[in-house]
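S.K.: Compact mmCIF, C-alpha atoms, saved as input_7.txt, coming up:
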```txt
# COMPACT_ATOMS: atom_id res chain seq x y z
CA MET Q 1 16.99 100.69 -45.83
CA THR Q 2 18.22 97.57 -47.61
CA GLN Q 3 15.96 94.77 -48.74
CA GLY Q 4 17.66 92.00 -46.74
CA PRO Q 5 17.46 88.29 -47.50
CA TYR Q 6 13.66 88.19 -47.27
CA HIS Q 7 11.37 90.21 -49.53
CA LEU Q 8 9.01 91.60 -46.91
CA ILE Q 9 8.31 94.99 -48.51
CA SER Q 10 8.16 93.84 -52.12
CA ILE Q 11 5.92 90.86 -51.39
CA GLY Q 12 3.70 92.97 -49.14
CA LEU Q 13 3.28 95.70 -51.76
CA LEU Q 14 2.60 93.12 -54.46
CA PHE Q 15 -0.21 91.50 -52.49
CA ILE Q 16 -1.71 94.79 -51.30
CA LEU Q 17 -1.82 96.14 -54.86
CA GLY Q 18 -3.21 92.85 -56.12
CA TYR Q 19 -5.93 92.88 -53.48
CA PHE Q 20 -6.96 96.46 -54.21
CA PHE Q 21 -6.99 95.65 -57.92
CA SER Q 22 -9.33 92.72 -57.28
CA LEU Q 23 -11.55 94.99 -55.16
CA LEU Q 24 -11.64 97.47 -58.03
CA MET Q 25 -12.72 94.73 -60.43
CA LEU Q 26 -15.40 93.74 -57.93
CA ARG Q 27 -16.70 97.31 -57.66
CA MET Q 28 -16.77 97.59 -61.44
CA GLN Q 29 -18.76 94.32 -61.47
CA LEU Q 30 -16.20 92.66 -63.69
CA ILE Q 31 -16.17 89.76 -61.24
CA GLN Q 32 -18.69 88.56 -58.68
CA LYS Q 33 -18.13 88.57 -54.92
CA PRO Q 34 -18.07 84.74 -54.62
CA ASP Q 35 -15.43 84.56 -57.38
CA HIS Q 36 -13.38 87.28 -55.70
CA ARG Q 37 -13.35 85.41 -52.40
CA LYS Q 38 -12.74 82.08 -54.09
CA VAL Q 39 -9.55 83.39 -55.73
CA TRP Q 40 -8.14 84.62 -52.43
CA ASN Q 41 -9.27 81.52 -50.57
CA ILE Q 42 -7.41 79.37 -53.08
CA GLY Q 43 -4.37 81.60 -52.60
CA LEU Q 44 -4.67 81.21 -48.83
CA LEU Q 45 -4.79 77.43 -49.19
CA LEU Q 46 -1.82 77.23 -51.56
CA PHE Q 47 0.40 79.51 -49.49
CA PHE Q 48 -0.54 77.71 -46.29
CA CYS Q 49 0.22 74.27 -47.73
CA SER Q 50 3.52 75.43 -49.22
CA THR Q 51 4.64 77.15 -46.02
CA ALA Q 52 3.59 74.24 -43.83
CA LEU Q 53 5.29 71.64 -46.04
CA LEU Q 54 8.59 73.52 -46.16
CA GLY Q 55 8.41 74.16 -42.42
CA PHE Q 56 7.87 70.45 -41.81
CA LEU Q 57 10.86 69.54 -43.99
CA LEU Q 58 13.04 72.08 -42.19
CA ALA Q 59 11.98 70.68 -38.81
CA VAL Q 60 12.80 67.13 -39.91
CA LYS Q 61 16.19 68.25 -41.22
CA VAL Q 62 17.14 70.03 -37.98
CA ASN Q 63 15.79 67.38 -35.60
CA TYR Q 64 17.36 64.41 -37.34
CA LYS Q 65 20.48 66.21 -38.65
CA LEU Q 66 19.90 65.33 -42.28
CA GLU Q 67 22.21 66.63 -44.99
CA ILE Q 68 20.08 68.43 -47.59
CA SER Q 69 21.91 70.50 -50.18
CA TRP Q 70 19.02 72.80 -51.01
CA ILE Q 71 18.03 73.58 -47.43
CA GLU Q 72 19.11 77.24 -47.61
CA ASP Q 73 16.88 77.80 -50.63
CA ALA Q 74 14.06 76.02 -48.81
CA MET Q 75 14.45 78.35 -45.83
CA LEU Q 76 14.29 81.38 -48.12
CA TRP Q 77 11.17 80.10 -49.85
CA HIS Q 78 9.59 79.14 -46.53
CA VAL Q 79 9.91 82.66 -45.15
CA ASN Q 80 8.85 84.41 -48.36
CA LEU Q 81 5.83 82.16 -48.73
CA GLY Q 82 5.04 82.79 -45.08
CA ILE Q 83 5.04 86.54 -45.75
CA GLY Q 84 2.56 86.04 -48.58
CA PHE Q 85 0.45 83.77 -46.41
CA ALA Q 86 0.36 86.42 -43.66
CA PHE Q 87 -0.87 89.14 -46.02
CA ILE Q 88 -3.60 86.93 -47.51
CA ALA Q 89 -4.64 85.95 -44.00
CA LEU Q 90 -5.02 89.64 -43.14
CA PHE Q 91 -7.25 90.15 -46.18
CA HIS Q 92 -9.28 87.15 -45.11
CA LEU Q 93 -9.57 88.52 -41.58
CA THR Q 94 -11.10 91.77 -42.83
CA TRP Q 95 -14.01 89.78 -44.27
CA HIS Q 96 -14.92 88.35 -40.88
CA LEU Q 97 -14.18 91.13 -38.40
CA ASN Q 98 -17.86 91.47 -37.52
CA TYR Q 99 -17.87 87.86 -36.36
CA TYR Q 100 -15.24 88.66 -33.72
CA LEU Q 101 -16.43 92.14 -32.78
CA LYS Q 102 -20.19 91.73 -32.48
CA LYS Q 103 -21.61 90.91 -29.07
CA ARG Q 104 -23.49 87.66 -28.77
CA SER Q 105 -26.86 87.60 -27.07
CA ARG Q 106 -26.75 85.98 -23.66
CA HIS Q 107 -30.52 85.90 -23.37
CA ARG Q 108 -30.85 83.30 -26.12
CA GLY Q 109 -28.34 80.98 -24.48
CA SER Q 110 -30.09 81.23 -21.12
CA ILE Q 111 -33.42 80.30 -22.71
CA GLU Q 112 -31.88 77.25 -24.37
CA ARG Q 113 -30.39 76.07 -21.08
CA GLU Q 114 -33.74 76.50 -19.34
CA ASN Q 115 -35.37 74.16 -21.85
CA TRP Q 116 -33.05 71.29 -20.87
CA THR Q 117 -34.67 68.49 -18.88
CA PRO Q 118 -32.77 65.62 -17.20
CA HIS Q 119 -33.42 62.31 -18.95
CA LEU Q 120 -31.21 59.64 -17.35
CA ILE Q 121 -33.22 57.54 -14.91
CA VAL Q 122 -30.96 55.70 -12.46
CA THR Q 123 -31.33 54.26 -8.98
CA PRO Q 124 -29.72 56.10 -6.03
CA MET Q 125 -27.01 53.43 -5.89
CA GLN Q 126 -26.29 53.76 -9.62
CA HIS Q 127 -26.11 57.52 -9.22
CA LYS Q 128 -23.50 57.19 -6.48
CA LEU Q 129 -21.50 54.62 -8.42
CA LEU Q 130 -21.38 56.79 -11.54
CA PHE Q 131 -19.69 59.69 -9.76
CA LEU Q 132 -17.59 57.55 -7.42
CA LEU Q 133 -16.21 55.57 -10.34
CA LEU Q 134 -15.53 58.70 -12.37
CA GLY Q 135 -13.56 60.23 -9.51
CA TYR Q 136 -11.68 56.98 -8.90
CA ILE Q 137 -10.69 56.55 -12.56
CA SER Q 138 -9.72 60.22 -12.93
CA ILE Q 139 -7.34 60.46 -9.99
CA LEU Q 140 -5.85 57.02 -10.65
CA SER Q 141 -5.12 57.93 -14.27
CA GLN Q 142 -3.73 61.31 -13.23
CA MET Q 143 -1.27 59.80 -10.75
CA VAL Q 144 -0.10 57.05 -13.11
CA LEU Q 145 0.33 59.40 -16.06
CA LEU Q 146 2.07 62.06 -13.98
CA ARG Q 147 4.70 59.52 -12.97
CA GLU Q 148 5.20 58.36 -16.55
CA PHE Q 149 5.44 61.89 -17.93
CA ILE Q 150 8.05 62.79 -15.32
CA LYS Q 151 10.08 59.73 -16.32
CA THR Q 152 9.74 60.30 -20.06
CA PHE Q 153 10.48 64.03 -20.03
CA HIS Q 154 13.13 63.86 -17.28
CA GLY Q 155 10.83 66.11 -15.33
CA ASN Q 156 11.17 68.21 -12.24
CA GLU Q 157 8.84 70.47 -10.27
CA LEU Q 158 8.23 72.57 -13.38
CA ILE Q 159 6.97 69.59 -15.39
CA ILE Q 160 4.75 68.56 -12.48
CA GLY Q 161 3.24 72.04 -12.31
CA VAL Q 162 2.77 72.22 -16.08
CA PHE Q 163 1.15 68.78 -16.14
CA LEU Q 164 -1.33 69.59 -13.36
CA ALA Q 165 -2.13 73.02 -14.79
CA LEU Q 166 -2.83 71.60 -18.24
CA TRP Q 167 -4.84 68.75 -16.74
CA MET Q 168 -7.11 71.18 -14.87
CA THR Q 169 -7.38 73.55 -17.83
CA LEU Q 170 -8.42 70.84 -20.29
CA THR Q 171 -10.81 69.31 -17.78
CA SER Q 172 -12.42 72.71 -17.16
CA ALA Q 173 -12.81 73.35 -20.88
CA ALA Q 174 -14.46 69.96 -21.33
CA ALA Q 175 -16.74 70.59 -18.35
CA TRP Q 176 -17.81 73.87 -19.94
CA ALA Q 177 -18.69 71.95 -23.10
CA GLY Q 178 -20.62 69.36 -21.10
CA VAL Q 179 -22.80 72.05 -19.54
CA ARG Q 180 -23.75 73.39 -22.98
CA TYR Q 181 -24.09 70.14 -24.89
CA ARG Q 182 -27.66 69.88 -26.17
CA LYS Q 183 -27.98 66.31 -27.43
CA LYS Q 184 -29.15 63.60 -25.05
CA ILE Q 185 -26.86 60.62 -24.54
CA GLY Q 186 -28.31 57.32 -23.40
CA LEU Q 187 -27.05 55.39 -20.39
CA PRO Q 188 -25.62 52.47 -22.46
CA SER Q 189 -23.48 54.92 -24.44
CA ILE Q 190 -22.28 56.55 -21.22
CA LEU Q 191 -21.30 53.17 -19.79
CA ARG Q 192 -19.29 52.45 -22.94
CA VAL Q 193 -17.53 55.78 -22.46
CA TYR Q 194 -16.70 54.73 -18.89
CA LEU Q 195 -15.20 51.52 -20.22
CA SER Q 196 -13.10 53.42 -22.75
CA LEU Q 197 -12.05 55.92 -20.09
CA GLY Q 198 -10.76 53.12 -17.92
CA SER Q 199 -8.36 52.01 -20.65
CA ALA Q 200 -7.39 55.51 -21.82
CA ALA Q 201 -4.46 55.74 -19.40
CA LEU Q 202 -3.01 52.52 -20.85
CA VAL Q 203 -3.33 53.90 -24.38
CA ILE Q 204 -1.58 57.13 -23.36
CA TYR Q 205 1.17 55.13 -21.65
CA MET Q 206 1.77 53.10 -24.82
CA LEU Q 207 1.89 56.29 -26.89
CA LEU Q 208 4.46 57.70 -24.47
CA ILE Q 209 6.63 54.63 -25.02
CA LEU Q 210 6.38 55.02 -28.81
CA ILE Q 211 7.25 58.72 -28.59
CA ASP Q 212 10.25 58.00 -26.37
CA ARG Q 213 11.52 55.19 -28.60
CA PHE Q 214 10.92 56.58 -32.07
CA LEU Q 215 10.66 60.39 -31.87
CA PHE Q 216 13.27 61.29 -29.25
CA LEU Q 217 16.95 60.82 -30.04
CA PRO Q 218 19.03 58.97 -27.40
CA GLY Q 219 19.87 61.35 -24.59
CA TYR Q 220 17.46 64.00 -25.88
CA GLU Q 221 15.75 66.05 -23.21
CA PRO Q 222 12.75 67.99 -24.58
CA GLY Q 223 12.34 71.60 -23.57
CA THR Q 224 9.41 73.09 -21.72
CA MET Q 225 7.49 74.03 -24.85
CA ALA Q 226 7.92 70.61 -26.46
CA SER Q 227 6.90 68.94 -23.21
CA MET Q 228 3.77 71.09 -23.00
CA ILE Q 229 2.77 70.18 -26.55
CA TYR Q 230 3.17 66.45 -25.94
CA ILE Q 231 1.34 66.68 -22.61
CA ILE Q 232 -1.61 68.50 -24.18
CA LEU Q 233 -1.85 66.09 -27.10
CA LEU Q 234 -1.76 63.01 -24.89
CA ILE Q 235 -3.73 63.89 -21.77
CA SER Q 236 -6.50 65.48 -23.83
CA ILE Q 237 -7.50 61.91 -24.73
CA PHE Q 238 -8.55 61.49 -21.11
CA THR Q 239 -9.27 64.93 -19.67
CA LEU Q 240 -11.65 66.09 -22.39
CA VAL Q 241 -13.79 63.01 -21.88
CA SER Q 242 -13.74 62.96 -18.07
CA GLY Q 243 -14.46 66.67 -17.70
CA PHE Q 244 -17.30 66.52 -20.19
CA LEU Q 245 -18.75 63.44 -18.55
CA PHE Q 246 -18.88 64.93 -15.06
CA SER Q 247 -20.74 68.10 -16.01
CA TYR Q 248 -23.01 66.27 -18.44
CA LEU Q 249 -24.03 63.67 -15.86
CA THR Q 250 -24.67 66.41 -13.30
CA ARG Q 251 -27.25 67.87 -15.69
CA ALA Q 252 -28.63 64.70 -17.23
CA VAL Q 253 -29.32 62.44 -14.24
CA LYS Q 254 -32.84 62.67 -12.84
CA THR Q 255 -32.40 63.05 -9.10
CA ASP Q 256 -33.41 65.21 -6.17
CA ILE Q 257 -29.86 65.20 -4.84
CA PRO Q 258 -28.20 68.65 -5.03
CA ASP Q 259 -25.28 69.16 -7.39
CA ALA Q 260 -22.90 69.63 -4.46
CA ARG Q 261 -23.39 65.95 -3.60
CA ASN Q 262 -21.97 65.00 -7.01
CA TYR Q 263 -18.77 66.88 -6.23
CA MET Q 264 -18.61 65.13 -2.87
CA LEU Q 265 -19.00 61.72 -4.51
CA ASP Q 266 -16.31 62.55 -7.07
CA SER Q 267 -13.94 63.62 -4.28
CA LEU Q 268 -14.77 60.46 -2.36
CA GLY Q 269 -13.71 58.49 -5.42
CA HIS Q 270 -10.37 60.33 -5.25
CA PHE Q 271 -10.04 59.37 -1.59
CA LEU Q 272 -10.81 55.71 -2.31
CA GLU Q 273 -8.09 55.63 -4.96
CA ASP Q 274 -5.57 57.04 -2.48
CA PHE Q 275 -6.69 54.53 0.15
CA PHE Q 276 -6.37 51.48 -2.09
CA LEU Q 277 -3.16 52.74 -3.72
CA ASP Q 278 -1.50 53.10 -0.35
```
How does the structure come out when it is put into structure tokens?

M.R.:
Amino acid sequence: MTQGPYHLISIGLLFILGYFFSLLMLRMQLIQKPDHRKVWNIGLLLFFCSTALLGFLLAVKVNYKLEISWIEDAMLWHVNLGIGFAFIALFHLTWHLNYYLKKRSRHRGSIERENWTPHLIVTPMQHKLLFLLLGYISILSQMVLLREFIKTFHGNELIIGVFLALWMTLTSAAAWAGVRYRKKIGLPSILRVYLSLGSAALVIYMLLILIDRFLFLPGYEPGTMASMIYIILLISIFTLVSGFLFSYLTRAVKTDIPDARNYMLDSLGHFLEDFFLD
């Protein structure tokens, strides 16, 4: 079997032997455990930075069709450094396997959630307005941004489906965080978040214009993966806040109204947006 252009076997053997040699020095107490880990952590950082920098330069060269004489050497170094980075990452992973394999106690989390007490005191009208307004802003922003994303990414039914799926996924993740958030947020801070949320769609729209003007070449149509990345980066500005806010308010507002009423009010806000938009 020939070596090929990339030194997978030789680099792998070099790092494996080096790692076992460092373990031997650790067992012989020639070095201390913190020093051993520090050496490999520094190696992880250096290989990561080198690989990432070369990868970034290669991406710029390909996207903007730049003429760089040493690009073939850069590709070779990028892959070889990536091989070294992968092996060091595997060594690093072995130090923390217990973190991923051990089962977390659910009993402790349930006790912490039981200790939570609602703290936001609002009138019944304020309670209704909070959820109505959140639903109204959410669906209005979703419809406006969906239209702009379709126009920017020359979208079709696939882009619509991807946009809605990512919107719901990010909102759900933020709602999960809102249920488990332990710190208490005051009503003035929440109202400021509402104000920021109302202008978030405009900020995302302006970012879309900048991306279309300065990052995309004329006539360029991004693929599905690129579209997904841009959608996630941009709509997360809104969805992570709105999803968190809904679940947090459901827990934090002092009221005798059942949680199902909050969902109804949020949906009513969606209906009002459709009514006024039509």

S.K.: Considering all atoms listed in the file, can you say which of Q:Ser69, Q:Thr51, Q:Ser247, Q:Asn262 comes closest to Tyr181 (chain Q)?

M.R.: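 Checking each of Q:Ser69, Q:Thr51, Q:Ser247, Q:Asn262 against Tyr181 (chain Q), counting all atoms listed in the file, the winner is Q:Ser247.
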
S.K.: Could you name the residues that touch region 132-149 of chain Q at 8 Å or less, counting only C-alpha atoms, but leaving out those on the same chain fewer than 3 positions away, as a ChimeraX atom specification?

M.R.: /Q:128-129,152-155,160,163,194,197-198,201,204-205,208,231,242,246,265-273

S.K.: In Å, how far is it from CA of Phe91 (chain Q) to CA of Leu44 (chain Q)?

M.R.: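 Between these atoms lies a distance of 9.7 Å.
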
S.K.: Which one is closest to Lys151 (chain Q): Q:Leu234, Q:Thr169, Q:Asp212, Q:Leu120? Count only C-alpha atoms.

M.R.: Q:Asp212

S.K.: Might you pull out every residue within 10 Å of Ser196 (chain Q), with all atoms listed in the file counted and same-chain residues fewer than 5 positions away left off, and present them as a ChimeraX atom specification?

M.R.: /Q:190-191,201,203,238,241

S.K.: Let me make sure I understand: among Q:His78, Q:His127, Q:Lys254, Q:Lys184, which one has the smallest atom-to-atom distance to Tyr6 (chain Q) if we use all atoms listed in the file?

M.R.: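 Going through Q:His78, Q:His127, Q:Lys254, Q:Lys184 one by one, the smallest distance to Tyr6 (chain Q) is for Q:His78.
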
S.K.: Would you please work out which residue, of Q:Leu233, Q:Met125, Q:Ile42, Q:Leu170, is nearest to Thr255 (chain Q) when using all atoms listed in the file?

M.R.: Q:Met125

S.K.: Could you check the closest approach to Tyr248 (chain Q) for each of Q:Arg192, Q:Arg213, Q:His119, Q:Arg37 and tell me which residue wins, using only C-alpha atoms?

M.R.: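 Closest to Tyr248 (chain Q), using only C-alpha atoms: Q:His119.
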
S.K.: Find the residue from Q:Leu245, Q:Leu58, Q:Ile11, Q:Ala52 that sits nearest to Ser189 (chain Q); use all atoms listed in the file when measuring.

M.R.: Q:Leu245

S.K.: Pick out the residues sitting within 9 Å of region 92-96 of chain Q, and hand them over as a PyMOL selection string; count all atoms listed in the file, and ignore anything fewer than 2 positions along from it in its own chain.

M.R.: chain Q and resi 37+40-41+44+87-90+98-100

S.K.: Around region 130-137 of chain Q, with edges along x, y and z and 3 Å added on all six sides, what centre and edge lengths do you get, in Å to one decimal, as JSON?

M.R.:
```
{"center_x": -16.0, "center_y": 57.9, "center_z": -10.0, "size_x": 16.7, "size_y": 10.7, "size_z": 11.1}
```
